[in-house]
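Shown next: my_file24.pdb, containing PDB, C-alpha atoms.
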```
ATOM      1  CA  MET A   1      52.731   1.415  12.917
ATOM      2  CA  LEU A   2      51.384   3.729  10.267
ATOM      3  CA  PRO A   3      49.277   2.278   7.413
ATOM      4  CA  ASN A   4      51.117   1.530   4.195
ATOM      5  CA  HIS A   5      49.568   4.304   2.170
ATOM      6  CA  ALA A   6      50.991   6.861   4.560
ATOM      7  CA  PHE A   7      54.421   6.117   3.097
ATOM      8  CA  ARG A   8      53.450   5.993  -0.562
ATOM      9  CA  ARG A   9      54.432   8.780  -2.900
ATOM     10  CA  PRO A  10      51.973   9.793  -5.660
ATOM     11  CA  THR A  11      54.664   9.462  -8.338
ATOM     12  CA  ASP A  12      55.887   6.088  -7.123
ATOM     13  CA  ARG A  13      56.571   4.009 -10.230
ATOM     14  CA  ARG A  14      58.950   1.368  -8.903
ATOM     15  CA  VAL A  15      58.253  -2.241  -9.734
ATOM     16  CA  CYS A  16      56.691  -4.223  -6.960
ATOM     17  CA  LEU A  17      57.864  -7.701  -6.094
ATOM     18  CA  TRP A  18      55.742 -10.474  -4.533
ATOM     19  CA  GLU A  19      52.598  -8.581  -5.460
ATOM     20  CA  VAL A  20      50.307 -11.571  -5.448
ATOM     21  CA  ARG A  21      51.296 -12.756  -2.018
ATOM     22  CA  LYS A  22      51.342  -9.575  -0.040
ATOM     23  CA  THR A  23      48.854  -7.050  -1.369
ATOM     24  CA  ASN A  24      45.516  -6.119   0.164
ATOM     25  CA  ASP A  25      43.708  -5.948  -3.213
ATOM     26  CA  GLY A  26      40.070  -6.918  -3.007
ATOM     27  CA  ASN A  27      39.412  -6.356   0.661
ATOM     28  CA  VAL A  28      36.738  -3.763  -0.050
ATOM     29  CA  MET A  29      35.214  -6.050  -2.662
ATOM     30  CA  ILE A  30      34.917  -8.875  -0.170
ATOM     31  CA  GLU A  31      33.435  -6.590   2.450
ATOM     32  CA  PHE A  32      30.870  -5.354  -0.042
ATOM     33  CA  ALA A  33      30.060  -8.914  -1.080
ATOM     34  CA  LEU A  34      29.318  -9.654   2.572
ATOM     35  CA  ILE A  35      27.168  -6.567   3.058
ATOM     36  CA  ALA A  36      25.242  -6.674  -0.248
ATOM     37  CA  PRO A  37      23.058  -9.729   0.565
ATOM     38  CA  ILE A  38      22.107  -8.191   3.901
ATOM     39  CA  LEU A  39      21.221  -4.953   2.131
ATOM     40  CA  LEU A  40      19.180  -6.815  -0.493
ATOM     41  CA  VAL A  41      17.216  -8.768   2.114
ATOM     42  CA  LEU A  42      16.574  -5.483   3.916
ATOM     43  CA  ILE A  43      15.196  -3.913   0.734
ATOM     44  CA  MET A  44      13.001  -6.974   0.061
ATOM     45  CA  ASN A  45      11.590  -6.714   3.577
ATOM     46  CA  ILE A  46      10.868  -3.017   3.135
ATOM     47  CA  LEU A  47       9.020  -3.816  -0.107
ATOM     48  CA  ASP A  48       6.971  -6.603   1.449
ATOM     49  CA  PHE A  49       6.043  -4.544   4.500
ATOM     50  CA  SER A  50       5.052  -1.673   2.222
ATOM     51  CA  MET A  51       2.790  -3.986   0.235
ATOM     52  CA  LEU A  52       1.370  -5.403   3.477
ATOM     53  CA  ILE A  53       0.490  -1.942   4.787
ATOM     54  CA  TRP A  54      -0.943  -0.954   1.413
ATOM     55  CA  ALA A  55      -3.075  -4.117   1.320
ATOM     56  CA  GLN A  56      -4.332  -3.404   4.853
ATOM     57  CA  MET A  57      -5.369   0.105   3.761
ATOM     58  CA  GLN A  58      -7.244  -1.327   0.776
ATOM     59  CA  VAL A  59      -8.971  -3.871   3.049
ATOM     60  CA  ASP A  60      -9.988  -1.037   5.420
ATOM     61  CA  TYR A  61     -11.358   0.921   2.482
ATOM     62  CA  SER A  62     -13.186  -2.182   1.273
ATOM     63  CA  ALA A  63     -14.982  -2.594   4.629
ATOM     64  CA  GLN A  64     -15.903   1.096   4.694
ATOM     65  CA  MET A  65     -17.343   0.963   1.187
ATOM     66  CA  GLY A  66     -19.295  -2.163   2.123
ATOM     67  CA  ALA A  67     -20.799  -0.398   5.127
ATOM     68  CA  ARG A  68     -21.588   2.653   3.035
ATOM     69  CA  ALA A  69     -23.329   0.419   0.482
ATOM     70  CA  ALA A  70     -25.490  -0.969   3.298
ATOM     71  CA  TYR A  71     -26.449   2.563   4.304
ATOM     72  CA  THR A  72     -27.239   3.755   0.780
ATOM     73  CA  THR A  73     -29.227   0.644  -0.069
ATOM     74  CA  CYS A  74     -31.152   0.032   3.133
ATOM     75  CA  SER A  75     -31.402   3.171   5.274
ATOM     76  CA  THR A  76     -34.514   4.495   3.518
ATOM     77  CA  GLY A  77     -36.445   1.230   3.777
ATOM     78  CA  THR A  78     -38.008  -0.644   6.633
ATOM     79  CA  LEU A  79     -35.715  -2.057   9.299
ATOM     80  CA  PRO A  80     -34.311  -4.488  10.240
ATOM     81  CA  ALA A  81     -32.444  -4.586   6.969
ATOM     82  CA  THR A  82     -31.515  -8.261   7.270
ATOM     83  CA  THR A  83     -35.088  -9.256   6.423
ATOM     84  CA  ASN A  84     -36.542  -6.151   4.774
ATOM     85  CA  CYS A  85     -33.657  -5.100   2.526
ATOM     86  CA  THR A  86     -33.337  -7.906   0.002
ATOM     87  CA  ASN A  87     -30.258  -6.558  -1.768
ATOM     88  CA  LEU A  88     -28.222  -6.002   1.396
ATOM     89  CA  THR A  89     -25.709  -8.840   1.081
ATOM     90  CA  THR A  90     -25.347  -8.473  -2.701
ATOM     91  CA  LYS A  91     -24.757  -4.718  -2.536
ATOM     92  CA  VAL A  92     -22.330  -4.967   0.355
ATOM     93  CA  THR A  93     -20.366  -7.738  -1.361
ATOM     94  CA  THR A  94     -20.185  -5.861  -4.666
ATOM     95  CA  ALA A  95     -18.960  -2.702  -2.949
ATOM     96  CA  ALA A  96     -16.430  -4.550  -0.793
ATOM     97  CA  GLN A  97     -14.997  -6.283  -3.853
ATOM     98  CA  ALA A  98     -14.671  -3.103  -5.902
ATOM     99  CA  THR A  99     -11.262  -2.000  -4.645
ATOM    100  CA  SER A 100      -7.998  -2.681  -6.436
ATOM    101  CA  LEU A 101      -7.779  -5.975  -4.546
ATOM    102  CA  GLY A 102     -10.990  -7.014  -6.306
ATOM    103  CA  THR A 103     -12.633 -10.314  -5.474
ATOM    104  CA  ALA A 104      -9.609 -11.384  -3.421
ATOM    105  CA  VAL A 105     -11.441  -9.566  -0.632
ATOM    106  CA  SER A 106     -14.320 -11.546   0.807
ATOM    107  CA  LEU A 107     -16.953 -10.929   3.438
ATOM    108  CA  ALA A 108     -16.309 -12.717   6.716
ATOM    109  CA  SER A 109     -18.750 -15.468   7.607
ATOM    110  CA  GLY A 110     -21.953 -14.098   9.093
ATOM    111  CA  TYR A 111     -21.580 -10.577   7.726
ATOM    112  CA  PRO A 112     -23.134  -8.117   7.101
ATOM    113  CA  SER A 113     -24.660  -8.433  10.569
ATOM    114  CA  GLU A 114     -27.136  -6.215  12.327
ATOM    115  CA  THR A 115     -26.805  -5.106  15.937
ATOM    116  CA  TYR A 116     -28.740  -2.748  18.181
ATOM    117  CA  TYR A 117     -26.819  -0.185  20.193
ATOM    118  CA  CYS A 118     -27.819   2.326  22.851
ATOM    119  CA  VAL A 119     -25.928   5.325  24.138
ATOM    120  CA  SER A 120     -24.522   4.597  27.564
ATOM    121  CA  GLY A 121     -22.818   7.659  28.965
ATOM    122  CA  THR A 122     -20.338   8.592  26.258
ATOM    123  CA  THR A 123     -20.045   5.154  24.632
ATOM    124  CA  LEU A 124     -22.246   2.799  22.654
ATOM    125  CA  GLN A 125     -23.482  -0.357  24.296
ATOM    126  CA  SER A 126     -24.768  -3.370  22.429
ATOM    127  CA  VAL A 127     -28.319  -4.215  23.609
ATOM    128  CA  GLY A 128     -29.147  -6.977  21.135
ATOM    129  CA  THR A 129     -28.674  -8.486  17.722
ATOM    130  CA  TYR A 130     -30.957  -9.176  14.773
ATOM    131  CA  SER A 131     -31.661 -12.709  16.000
ATOM    132  CA  SER A 132     -32.243 -11.582  19.594
ATOM    133  CA  PRO A 133     -33.487  -7.988  19.587
ATOM    134  CA  PRO A 134     -33.966  -6.159  22.883
ATOM    135  CA  SER A 135     -37.331  -6.792  24.489
ATOM    136  CA  PRO A 136     -39.024  -4.440  25.122
ATOM    137  CA  PHE A 137     -37.609  -2.653  22.058
ATOM    138  CA  ASN A 138     -36.106   0.341  23.836
ATOM    139  CA  CYS A 139     -32.993   1.455  25.667
ATOM    140  CA  SER A 140     -34.096   0.479  29.158
ATOM    141  CA  ALA A 141     -30.899  -1.549  29.422
ATOM    142  CA  THR A 142     -28.957   1.714  29.524
ATOM    143  CA  GLY A 143     -31.553   3.523  31.632
ATOM    144  CA  SER A 144     -33.408   5.324  28.876
ATOM    145  CA  ALA A 145     -36.685   3.510  28.199
ATOM    146  CA  SER A 146     -38.008   6.359  26.059
ATOM    147  CA  THR A 147     -35.219   5.960  23.493
ATOM    148  CA  LYS A 148     -35.262   3.452  20.648
ATOM    149  CA  PRO A 149     -32.037   1.499  19.994
ATOM    150  CA  GLY A 150     -29.948   2.421  16.977
ATOM    151  CA  ASP A 151     -29.832  -0.103  14.140
ATOM    152  CA  TYR A 152     -26.206  -0.699  13.104
ATOM    153  CA  VAL A 153     -24.876  -2.890  10.356
ATOM    154  CA  GLU A 154     -21.367  -4.316  10.657
ATOM    155  CA  VAL A 155     -19.250  -5.346   7.694
ATOM    156  CA  ASP A 156     -16.202  -7.544   8.300
ATOM    157  CA  VAL A 157     -13.926  -8.398   5.385
ATOM    158  CA  THR A 158     -10.900 -10.659   5.041
ATOM    159  CA  TYR A 159      -8.032 -10.820   2.597
ATOM    160  CA  SER A 160      -5.170 -13.304   2.303
ATOM    161  CA  TYR A 161      -1.863 -11.507   2.037
ATOM    162  CA  ALA A 162       1.105 -13.336   0.513
ATOM    163  CA  PRO A 163       4.571 -11.737   0.553
ATOM    164  CA  THR A 164       6.389 -11.348  -2.762
ATOM    165  CA  PHE A 165       9.663 -12.653  -1.324
ATOM    166  CA  SER A 166       8.313 -15.394   0.899
ATOM    167  CA  GLY A 167      11.017 -17.100   2.925
ATOM    168  CA  LEU A 168      13.189 -14.000   2.978
ATOM    169  CA  SER A 169      10.591 -11.664   4.352
ATOM    170  CA  LEU A 170       9.495 -11.113   7.938
ATOM    171  CA  ALA A 171       6.050 -10.122   6.615
ATOM    172  CA  SER A 172       4.639 -13.663   6.551
ATOM    173  CA  ALA A 173       1.559 -14.839   4.688
ATOM    174  CA  GLN A 174      -1.425 -13.865   6.795
ATOM    175  CA  THR A 175      -5.105 -12.992   6.742
ATOM    176  CA  LEU A 176      -5.862  -9.297   6.900
ATOM    177  CA  THR A 177      -9.181  -8.243   8.356
ATOM    178  CA  ALA A 178     -11.083  -4.994   8.623
ATOM    179  CA  LYS A 179     -14.307  -3.959  10.290
ATOM    180  CA  ALA A 180     -16.686  -1.100   9.577
ATOM    181  CA  ILE A 181     -19.883  -0.200  11.442
ATOM    182  CA  GLN A 182     -22.607   2.030  10.056
ATOM    183  CA  ARG A 183     -25.865   3.208  11.579
ATOM    184  CA  LEU A 184     -28.889   2.760   9.335
ATOM    185  CA  ASN A 185     -31.564   4.780  11.139
TER
ATOM    186  CA  MET B   1      59.429   5.048   2.518
ATOM    187  CA  ASN B   2      62.413   2.739   2.233
ATOM    188  CA  THR B   3      62.849   0.187  -0.539
ATOM    189  CA  ALA B   4      62.390  -2.780   1.737
ATOM    190  CA  THR B   5      58.931  -1.657   2.814
ATOM    191  CA  HIS B   6      57.910  -0.873  -0.744
ATOM    192  CA  ILE B   7      58.829  -4.278  -2.102
ATOM    193  CA  VAL B   8      56.605  -5.940   0.459
ATOM    194  CA  VAL B   9      53.535  -3.748  -0.075
ATOM    195  CA  CYS B  10      52.207  -2.669  -3.444
ATOM    196  CA  GLU B  11      48.634  -1.391  -3.782
ATOM    197  CA  ARG B  12      48.889   1.128  -6.574
ATOM    198  CA  GLY B  13      45.540   1.649  -8.317
ATOM    199  CA  SER B  14      43.653  -1.093  -6.529
ATOM    200  CA  SER B  15      41.459   1.315  -4.572
ATOM    201  CA  ALA B  16      40.351   3.070  -7.724
ATOM    202  CA  VAL B  17      39.320  -0.196  -9.381
ATOM    203  CA  GLU B  18      37.443  -1.339  -6.307
ATOM    204  CA  LEU B  19      35.706   2.018  -6.058
ATOM    205  CA  ALA B  20      34.592   1.824  -9.690
ATOM    206  CA  ILE B  21      33.019  -1.621  -9.232
ATOM    207  CA  ILE B  22      31.416  -0.973  -5.865
ATOM    208  CA  LEU B  23      30.239   2.528  -6.627
ATOM    209  CA  SER B  24      28.397   1.376  -9.758
ATOM    210  CA  THR B  25      26.693  -1.435  -7.824
ATOM    211  CA  PHE B  26      25.857   0.845  -4.925
ATOM    212  CA  LEU B  27      24.490   3.583  -7.169
ATOM    213  CA  ALA B  28      22.370   1.028  -9.060
ATOM    214  CA  MET B  29      20.827  -0.086  -5.761
ATOM    215  CA  LEU B  30      20.345   3.489  -4.574
ATOM    216  CA  PHE B  31      18.597   4.638  -7.743
ATOM    217  CA  GLY B  32      16.599   1.394  -7.755
ATOM    218  CA  ILE B  33      15.238   2.274  -4.324
ATOM    219  CA  ILE B  34      14.465   5.813  -5.481
ATOM    220  CA  ASN B  35      12.624   4.502  -8.563
ATOM    221  CA  ILE B  36      10.587   2.010  -6.535
ATOM    222  CA  ALA B  37       9.618   4.796  -4.142
ATOM    223  CA  MET B  38       8.504   6.997  -7.032
ATOM    224  CA  ILE B  39       6.422   4.163  -8.536
ATOM    225  CA  LEU B  40       4.760   3.433  -5.182
ATOM    226  CA  TRP B  41       4.098   7.129  -4.657
ATOM    227  CA  THR B  42       2.418   7.352  -8.070
ATOM    228  CA  MET B  43       0.348   4.253  -7.285
ATOM    229  CA  ALA B  44      -0.765   5.606  -3.897
ATOM    230  CA  SER B  45      -1.633   8.983  -5.425
ATOM    231  CA  LEU B  46      -3.701   7.335  -8.174
ATOM    232  CA  HIS B  47      -5.615   5.385  -5.526
ATOM    233  CA  TYR B  48      -6.260   8.443  -3.404
ATOM    234  CA  ALA B  49      -7.551  10.431  -6.382
ATOM    235  CA  ALA B  50      -9.775   7.569  -7.597
ATOM    236  CA  GLU B  51     -11.227   7.019  -4.113
ATOM    237  CA  THR B  52     -11.878  10.727  -3.594
ATOM    238  CA  ALA B  53     -13.529  11.067  -7.005
ATOM    239  CA  ALA B  54     -15.713   7.982  -6.435
ATOM    240  CA  ARG B  55     -16.849   9.494  -3.143
ATOM    241  CA  CYS B  56     -17.536  12.818  -4.852
ATOM    242  CA  ALA B  57     -19.641  11.035  -7.489
ATOM    243  CA  ALA B  58     -21.515   9.022  -4.845
ATOM    244  CA  VAL B  59     -22.647  12.076  -2.898
ATOM    245  CA  ALA B  60     -23.311  13.910  -6.200
ATOM    246  CA  ALA B  61     -21.445  16.950  -5.001
ATOM    247  CA  THR B  62     -21.312  20.137  -7.041
ATOM    248  CA  GLY B  63     -18.637  19.612  -9.664
ATOM    249  CA  CYS B  64     -19.177  15.847  -9.795
ATOM    250  CA  THR B  65     -22.403  15.628 -11.764
ATOM    251  CA  SER B  66     -21.096  14.331 -15.108
ATOM    252  CA  ALA B  67     -18.510  11.763 -16.156
ATOM    253  CA  SER B  68     -16.164  14.421 -17.530
ATOM    254  CA  SER B  69     -16.422  16.602 -14.420
ATOM    255  CA  ILE B  70     -15.769  13.590 -12.173
ATOM    256  CA  GLN B  71     -12.710  12.708 -14.229
ATOM    257  CA  SER B  72     -11.463  16.282 -14.017
ATOM    258  CA  TYR B  73     -12.069  16.281 -10.282
ATOM    259  CA  ALA B  74     -10.079  13.041  -9.968
ATOM    260  CA  LEU B  75      -7.166  14.618 -11.797
ATOM    261  CA  SER B  76      -7.346  17.663  -9.526
ATOM    262  CA  GLN B  77      -7.061  15.336  -6.527
ATOM    263  CA  TYR B  78      -3.928  13.679  -7.898
ATOM    264  CA  PHE B  79      -0.909  15.029  -6.070
ATOM    265  CA  GLY B  80       1.805  12.667  -7.291
ATOM    266  CA  LEU B  81       4.411  12.952 -10.010
ATOM    267  CA  SER B  82       3.454  14.598 -13.286
ATOM    268  CA  LEU B  83       1.325  12.379 -15.507
ATOM    269  CA  GLY B  84       2.501  14.063 -18.684
ATOM    270  CA  GLY B  85      -0.657  16.019 -19.469
ATOM    271  CA  THR B  86      -3.005  13.066 -19.889
ATOM    272  CA  ASN B  87      -5.935  12.199 -17.646
ATOM    273  CA  PRO B  88      -5.733   8.513 -16.664
ATOM    274  CA  PHE B  89      -9.021   8.586 -14.707
ATOM    275  CA  VAL B  90     -12.181   7.079 -16.176
ATOM    276  CA  TYR B  91     -15.616   7.218 -14.559
ATOM    277  CA  SER B  92     -18.358   4.682 -15.122
ATOM    278  CA  ALA B  93     -21.701   4.131 -13.399
ATOM    279  CA  SER B  94     -20.960   0.426 -13.084
ATOM    280  CA  GLY B  95     -19.698  -1.958 -10.445
ATOM    281  CA  CYS B  96     -21.133  -1.085  -7.052
ATOM    282  CA  GLY B  97     -22.457   2.253  -8.303
ATOM    283  CA  ASN B  98     -19.804   4.850  -9.097
ATOM    284  CA  THR B  99     -16.538   3.384 -10.292
ATOM    285  CA  VAL B 100     -13.444   5.442 -10.960
ATOM    286  CA  THR B 101     -10.489   3.641 -12.470
ATOM    287  CA  ALA B 102      -7.050   4.831 -13.398
ATOM    288  CA  THR B 103      -4.638   3.151 -15.764
ATOM    289  CA  TYR B 104      -1.249   4.668 -16.210
ATOM    290  CA  THR B 105       2.015   3.450 -17.666
ATOM    291  CA  TYR B 106       4.975   4.580 -15.634
ATOM    292  CA  SER B 107       8.101   5.049 -17.721
ATOM    293  CA  LEU B 108      11.023   3.655 -15.767
ATOM    294  CA  VAL B 109      14.220   5.115 -17.197
ATOM    295  CA  ILE B 110      17.412   3.268 -16.286
ATOM    296  CA  PRO B 111      20.511   5.010 -17.653
ATOM    297  CA  VAL B 112      22.617   2.884 -20.038
ATOM    298  CA  ILE B 113      20.305  -0.148 -19.738
ATOM    299  CA  GLY B 114      17.083   1.258 -21.172
ATOM    300  CA  THR B 115      13.502   2.318 -20.579
ATOM    301  CA  TYR B 116      10.822   0.039 -19.176
ATOM    302  CA  SER B 117       7.042   0.391 -18.991
ATOM    303  CA  VAL B 118       5.513  -0.247 -15.583
ATOM    304  CA  PRO B 119       1.717  -0.571 -15.800
ATOM    305  CA  LEU B 120      -0.095   0.927 -12.811
ATOM    306  CA  SER B 121      -3.791   0.819 -12.094
ATOM    307  CA  ALA B 122      -6.217   1.881  -9.399
ATOM    308  CA  THR B 123      -9.881   1.113  -8.869
ATOM    309  CA  ALA B 124     -12.335   2.630  -6.444
ATOM    310  CA  CYS B 125     -16.083   2.315  -6.147
ATOM    311  CA  SER B 126     -18.614   4.089  -3.981
ATOM    312  CA  LEU B 127     -22.357   4.488  -3.895
TER
END
```
The structure in this file should be written as structure tokens.
Amino acid sequence: MLPNHAFRRPTDRRVCLWEVRKTNDGNVMIEFALIAPILLVLIMNILDFSMLIWAQMQVDYSAQMGARAAYTTCSTGTLPATTNCTNLTTKVTTAAQATSLGTAVSLASGYPSETYYCVSGTTLQSVGTYSSPPSPFNCSATGSASTKPGDYVEVDVTYSYAPTFSGLSLASAQTLTAKAIQRLN
Amino acid sequence: MNTATHIVVCERGSSAVELAIILSTFLAMLFGIINIAMILWTMASLHYAAETAARCAAVAATGCTSASSIQSYALSQYFGLSLGGTNPFVYSASGCGNTVTATYTYSLVIPVIGTYSVPLSATACSL
């Protein structure tokens, strides 16, 4: 059977009977009313995921700036920086909290930390930390006793992300972290 | 179309009314999405420019030796929507060392309803 509109003439002006009972008025409206909430929730999720990704980028930038602060402040002085560079933690914290997220970003517990690395083949290998430096102080662990280990500072930051439309959004409240490593010598 | 069929079914004009209601709602949502995207783009561009300028100031590169030149450099690194001829970037040797901030009021124009001010800001620091 053909749809009703296939029979209708453009100039049809006859009076309709039983209009209320038999018409299809409003079907599209109802369909749209069903779709609109789904569409809205979709848009809210897109917004929250966008803000999540943006926050993660700011947290990454925060860690990088913290590591750069460690380099600028401590690389010219005597190492290890943990004991010989008095402003290390203050400078790193100030730099890490200078993004648009501000003081909502905080340094992870135990950071900035100092680690010694040696080149092993084409990768870096950890040979000790500030509290337990390699002894003897060289790269014999990676087969190069004539080389001194590199002094690296690591900055880890955390940030608590909260979605704008919590409850409707798949991007749940979570802690974002970022890590940056910088050689000082 | 015979008379019997016509009496049973009458839909004259209903589609047009439905279209008017749904189209306006749909277009409002569509242009809302477009506006949000433009605001986020402006915000991301402001951040990129501020971060690049702070970096430029930190390494004291040629062209980033004074506050005014750093601010000009920041504006040259802004690739978003037109800012209307003003420079929203401000340099200061505070914070962690070299801070570049941007404050900009985005004018959100919604036809029929009105114009709204959306404050945007970006901060970056490097040393």
**Q.** Hits from the PyMOL selection byres ((chain B and resi 64) around 12), listed as a PyMOL selection string
**A.** chain B and resi 52-63+65-74+76+91+98+100
Q: For atom CA of Ala171 of chain A and atom CA of Phe49 of chain A, determine how far apart the two atoms are, in Å to one decimal place.
A: 6.0 Å
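Evaluating the PyMOL selection byres ((chain A and resi 42) around 12) against the shown model yields Ile35, Ala36, Pro37, Ile38, Leu39, Leu40, Val41, Ile43, Met44, Asn45, Ile46, Leu47, Asp48, Phe49, Phe165, Leu168, Ser169, Leu170 and Ala171 of chain A; Met29 and Ile33 of chain B.
Among the candidates A:Ile181, A:Met57, A:Ala96, A:Leu107, the residue lying nearest to Leu124 of chain A is A:Ile181 (atoms considered: only C-alpha atoms).
Of the listed residues B:Ile39, B:Val90, B:Ala50, B:Leu81, the one whose atoms come nearest to Leu120 of chain B is B:Ile39, with distances taken using all atoms listed in the file.
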**Q.** Chain and number of each residue from the PyMOL selection byres ((chain A and resi 147) around 12), as a list of chain:residue names
**A.** A:Tyr117, A:Cys118, A:Val119, A:Ser120, A:Pro136, A:Phe137, A:Asn138, A:Cys139, A:Ser140, A:Ala141, A:Thr142, A:Gly143, A:Ser144, A:Ala145, A:Ser146, A:Lys148, A:Pro149, A:Gly150
Limited to C-alpha atoms, could you put the picked residues into a file as a compact mmCIF listing (two decimals), in the frame of the given file?
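Listing of part04.txt after writing:
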```txt
# COMPACT_ATOMS: atom_id res chain seq x y z
CA TYR A 117 -26.82 -0.18 20.19
CA CYS A 118 -27.82 2.33 22.85
CA VAL A 119 -25.93 5.32 24.14
CA SER A 120 -24.52 4.60 27.56
CA PRO A 136 -39.02 -4.44 25.12
CA PHE A 137 -37.61 -2.65 22.06
CA ASN A 138 -36.11 0.34 23.84
CA CYS A 139 -32.99 1.46 25.67
CA SER A 140 -34.10 0.48 29.16
CA ALA A 141 -30.90 -1.55 29.42
CA THR A 142 -28.96 1.71 29.52
CA GLY A 143 -31.55 3.52 31.63
CA SER A 144 -33.41 5.32 28.88
CA ALA A 145 -36.68 3.51 28.20
CA SER A 146 -38.01 6.36 26.06
CA LYS A 148 -35.26 3.45 20.65
CA PRO A 149 -32.04 1.50 19.99
CA GLY A 150 -29.95 2.42 16.98
```
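Put simply, atom CA of Tyr48 of chain B is 8.9 Å away from atom CA of Ala124 of chain B.
Atom pair atom CA of Ile21 of chain B / atom CA of Leu108 of chain B: separated by 23.5 Å.
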Q | Distance query Ala63 of chain A at most 8 Å, only C-alpha atoms, self and fewer than 3 positions along chain excluded, as an NGL selection string | A | :A and (59-60 or 66-67 or 96 or 155-157 or 178-180)
Q) Near Gln97 of chain A, within 9 Å and counting all atoms listed in the file, which residues show up once chain neighbours fewer than 4 positions away are dropped, as a list in words? A) Ser62, Gly66, Val92, Thr93, Leu101, Gly102, Thr103, Ala104, Val105, Ser106 and Leu107 of chain A; Cys96 and Cys125 of chain B
Q.
Could you list, as a list in words, every residue within 9 Å of Leu52 of chain A, counting only C-alpha atoms and ignoring same-chain residues fewer than 6 positions away?
A. Tyr161, Ala162, Pro163, Ala171 and Leu176 of chain A
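With all atoms listed in the file as the atoms that count, the minimum distance from chain A to the choices B:Pro88, B:Gly32, B:Gly114, B:Pro119 is reached by B:Gly32.
With only C-alpha atoms as the atoms that count, the minimum distance from Thr123 of chain B to the choices B:Ala16, B:Met43, B:Leu83, B:Leu30 is reached by B:Met43.
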Q. Ile34 of chain B: which residues within 12 Å, counting all atoms listed in the file, same-chain residues fewer than 6 positions away excluded, as a ChimeraX atom specification?
A. /A:43 /B:27-28,40-41,108-110
Q. From the list A:Cys74, A:Ile30, A:Ala98, A:Met51, which residue is nearest Ser126 of chain B when using all atoms listed in the file?
A. A:Ala98
Q.
Nearest residue to chain A out of B:Ser117, B:Ser14, B:Ser45, B:Thr86, using only C-alpha atoms?
A. B:Ser14
If we count all atoms listed in the file and set the cut-off at 6 Å, which residues sit around Val153 of chain A, ignoring sequence neighbours fewer than 4 positions away in its own chain? Please answer as a compact mmCIF listing (two decimals) with C-alpha atoms, in the frame of the given file.
```
# COMPACT_ATOMS: atom_id res chain seq x y z
CA SER A 113 -24.66 -8.43 10.57
CA GLU A 114 -27.14 -6.22 12.33
CA ILE A 181 -19.88 -0.20 11.44
CA GLN A 182 -22.61 2.03 10.06
```
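The set of protein, DNA and RNA residues with any counted atom at most 9 Å from (-33.9, -3.0, 9.3) (only C-alpha atoms) reads Cys74, Ser75, Gly77, Thr78, Leu79, Pro80, Ala81, Thr82, Thr83, Asn84, Cys85, Glu114, Tyr130, Asp151, Tyr152, Leu184 and Asn185 of chain A.
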Generate N, CA and C atoms for segment 166-178 of chain A and emit them as a JSON list (two decimals), in the coordinates of the input.
```json
[["chain", "number", "residue", "atom", "x", "y", "z"],
["A", 166, "SER", "N", 8.58, -14.53, -0.25],
["A", 166, "SER", "CA", 8.31, -15.39, 0.90],
["A", 166, "SER", "C", 9.56, -16.20, 1.22],
["A", 167, "GLY", "N", 9.82, -16.40, 2.49],
["A", 167, "GLY", "CA", 11.02, -17.10, 2.92],
["A", 167, "GLY", "C", 12.11, -16.14, 3.34],
["A", 168, "LEU", "N", 12.19, -15.00, 2.63],
["A", 168, "LEU", "CA", 13.19, -14.00, 2.98],
["A", 168, "LEU", "C", 12.58, -12.88, 3.80],
["A", 169, "SER", "N", 11.25, -12.82, 3.78],
["A", 169, "SER", "CA", 10.59, -11.66, 4.35],
["A", 169, "SER", "C", 10.01, -11.97, 5.73],
["A", 170, "LEU", "N", 10.10, -10.98, 6.61],
["A", 170, "LEU", "CA", 9.49, -11.11, 7.94],
["A", 170, "LEU", "C", 7.98, -10.95, 7.87],
["A", 171, "ALA", "N", 7.49, -10.28, 6.81],
["A", 171, "ALA", "CA", 6.05, -10.12, 6.62],
["A", 171, "ALA", "C", 5.50, -11.44, 6.07],
["A", 172, "SER", "N", 5.07, -12.33, 6.96],
["A", 172, "SER", "CA", 4.64, -13.66, 6.55],
["A", 172, "SER", "C", 3.26, -13.62, 5.92],
["A", 173, "ALA", "N", 2.90, -14.71, 5.25],
["A", 173, "ALA", "CA", 1.56, -14.84, 4.69],
["A", 173, "ALA", "C", 0.54, -14.82, 5.82],
["A", 174, "GLN", "N", -0.47, -14.00, 5.71],
["A", 174, "GLN", "CA", -1.42, -13.86, 6.80],
["A", 174, "GLN", "C", -2.76, -13.35, 6.27],
["A", 175, "THR", "N", -3.78, -13.48, 7.10],
["A", 175, "THR", "CA", -5.11, -12.99, 6.74],
["A", 175, "THR", "C", -5.30, -11.60, 7.32],
["A", 176, "LEU", "N", -5.60, -10.66, 6.45],
["A", 176, "LEU", "CA", -5.86, -9.30, 6.90],
["A", 176, "LEU", "C", -7.37, -9.13, 7.07],
["A", 177, "THR", "N", -7.76, -8.48, 8.13],
["A", 177, "THR", "CA", -9.18, -8.24, 8.36],
["A", 177, "THR", "C", -9.44, -6.76, 8.60],
["A", 178, "ALA", "N", -10.67, -6.36, 8.34],
["A", 178, "ALA", "CA", -11.08, -4.99, 8.62],
["A", 178, "ALA", "C", -12.56, -5.00, 8.99]]
```
